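Participant: I am attaching a structure below and will ask some questions about it afterwards.
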Amino acid sequence: MNDDLDIQDDVSPRYSSEEIVRLLRIEVGEVLAFAAAIARRTGLGLSEMAALEHLQHSHGGLTPTELGRRLSLSSGAITALVDRLERSGHVQRRPNPADRRSSVVLPVSEGLEEAGRHLVPVAAELFEMTAELTDEQRATVGKYLEAATEILRRHARG
């Protein structure tokens, strides 16, 4: 366990709002460090990893414009990023069925497998930890994470 967390083994710990926000800040930092480690292990940059994350959860892919907006990248930067991902075999471009003038960027399953090999053990540990929570605890954690995610999303997109 991280010494910064200073988690107590109390049956029912009480956390102040400040402590919860502090823990969230630590968690965000650890997520960024984890993303950097996975990027290093897979030979990708953080922007490429972020793009693959967005594409993996999109249904039917994203246009380069949509992907650029999600990553806060200019059209030139997103074009270069998609070109790199396409050359490395992580994505493919297809004609946009809704607009012949544009393309859709889709993840290639083989390109996601390498990152997946690093993510599966972490996901398994998180599922195991979450399974130990009561229904009420999961509801509280879920509600908080949804709200915190929306706040971060809103501020990230301006």
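Chain lettering (A, B, ...) mirrors the order of the structure tokens, residue numbering begins at 1 for each chain separately, and ligand numbering begins at 1 in order of display.
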Output as a PyMOL selection string all residues of chain A that backbone DSSP marks as strand (DSSP E or B).
Facilitator: chain A and resi 62+91-95+103-107
Participant: Any chance you could tabulate, as a tab-separated table, the residues of region 70-145 of chain A at most 12 Å from region 20-31 of chain A with each one's nearest atom pair and distance in Å to one decimal, using only C-alpha atoms, in chain and rising number order?
Facilitator:
residue	atom	partner	partner_atom	distance
A:Leu119	CA	A:Val31	CA	11.9
A:Val122	CA	A:Val31	CA	11.4
A:Val141	CA	A:Ile20	CA	11.2
A:Tyr144	CA	A:Ile20	CA	10.1
A:Leu145	CA	A:Leu24	CA	9.4
Participant: Pick out the residues sitting within 9 Å of Glu48 (chain A), and hand them over as a ChimeraX atom specification; count only C-alpha atoms, and ignore anything fewer than 5 positions along from it in its own chain.
Facilitator: /A:39,53,81-82,84-85
Participant: Distance CA of Glu150 (chain A)-CA of Arg70 (chain A), one decimal place?
Facilitator: 13.6 Å
Participant: Quick one: distance from CA of Phe127 (chain A) to CA of Glu114 (chain A) in Å, one decimal?
Facilitator: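 Separation of CA of Phe127 (chain A) and CA of Glu114 (chain A): 20.5 Å.
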Participant: Could you pull the residues within 12 Å of Leu67 (chain A), counting only C-alpha atoms, minus those fewer than 3 positions along the same chain, as JSON, numbers by chain?
Facilitator: {"A": [47, 48, 50, 51, 52, 53, 54, 55, 56, 57, 58, 61, 62, 63, 64, 70, 71, 72, 73, 74, 75, 77, 78, 79, 81, 82, 103, 104, 105, 106]}
Participant: If we count only C-alpha atoms, what is near Gly111 (chain A) at a cut-off of 9 Å, once residues fewer than 4 positions away on the same chain are taken out, given as a VMD selection string?
Facilitator: chain A and resid 52 85 88 to 91 107 115
Participant: Can you list, as JSON, numbers by chain, every residue of chain A that DSSP puts in alpha helix (DSSP H)?
Facilitator: {"A": [17, 18, 19, 20, 21, 22, 23, 24, 25, 26, 27, 28, 29, 30, 31, 32, 33, 34, 35, 36, 37, 38, 39, 40, 41, 42, 46, 47, 48, 49, 50, 51, 52, 53, 54, 55, 56, 64, 65, 66, 67, 68, 69, 70, 71, 75, 76, 77, 78, 79, 80, 81, 82, 83, 84, 85, 86, 87, 109, 110, 111, 112, 113, 114, 115, 116, 117, 118, 119, 120, 121, 122, 123, 124, 125, 126, 127, 128, 129, 130, 131, 135, 136, 137, 138, 139, 140, 141, 142, 143, 144, 145, 146, 147, 148, 149, 150, 151, 152, 153, 154, 155, 156]}
Participant: Could you work out how far CA of Pro121 (chain A) lies from CA of Gly142 (chain A), giving the answer in Å with one decimal?
Facilitator: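 Computing it gives 21.3 Å between the two atoms.
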Participant: Using only C-alpha atoms, find the one residue out of A:Ala123, A:Leu32, A:Ala147, A:Val108 that sits nearest to Arg87 (chain A).
Facilitator: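 Of A:Ala123, A:Leu32, A:Ala147, A:Val108, the one nearest Arg87 (chain A), counting only C-alpha atoms, is A:Val108.
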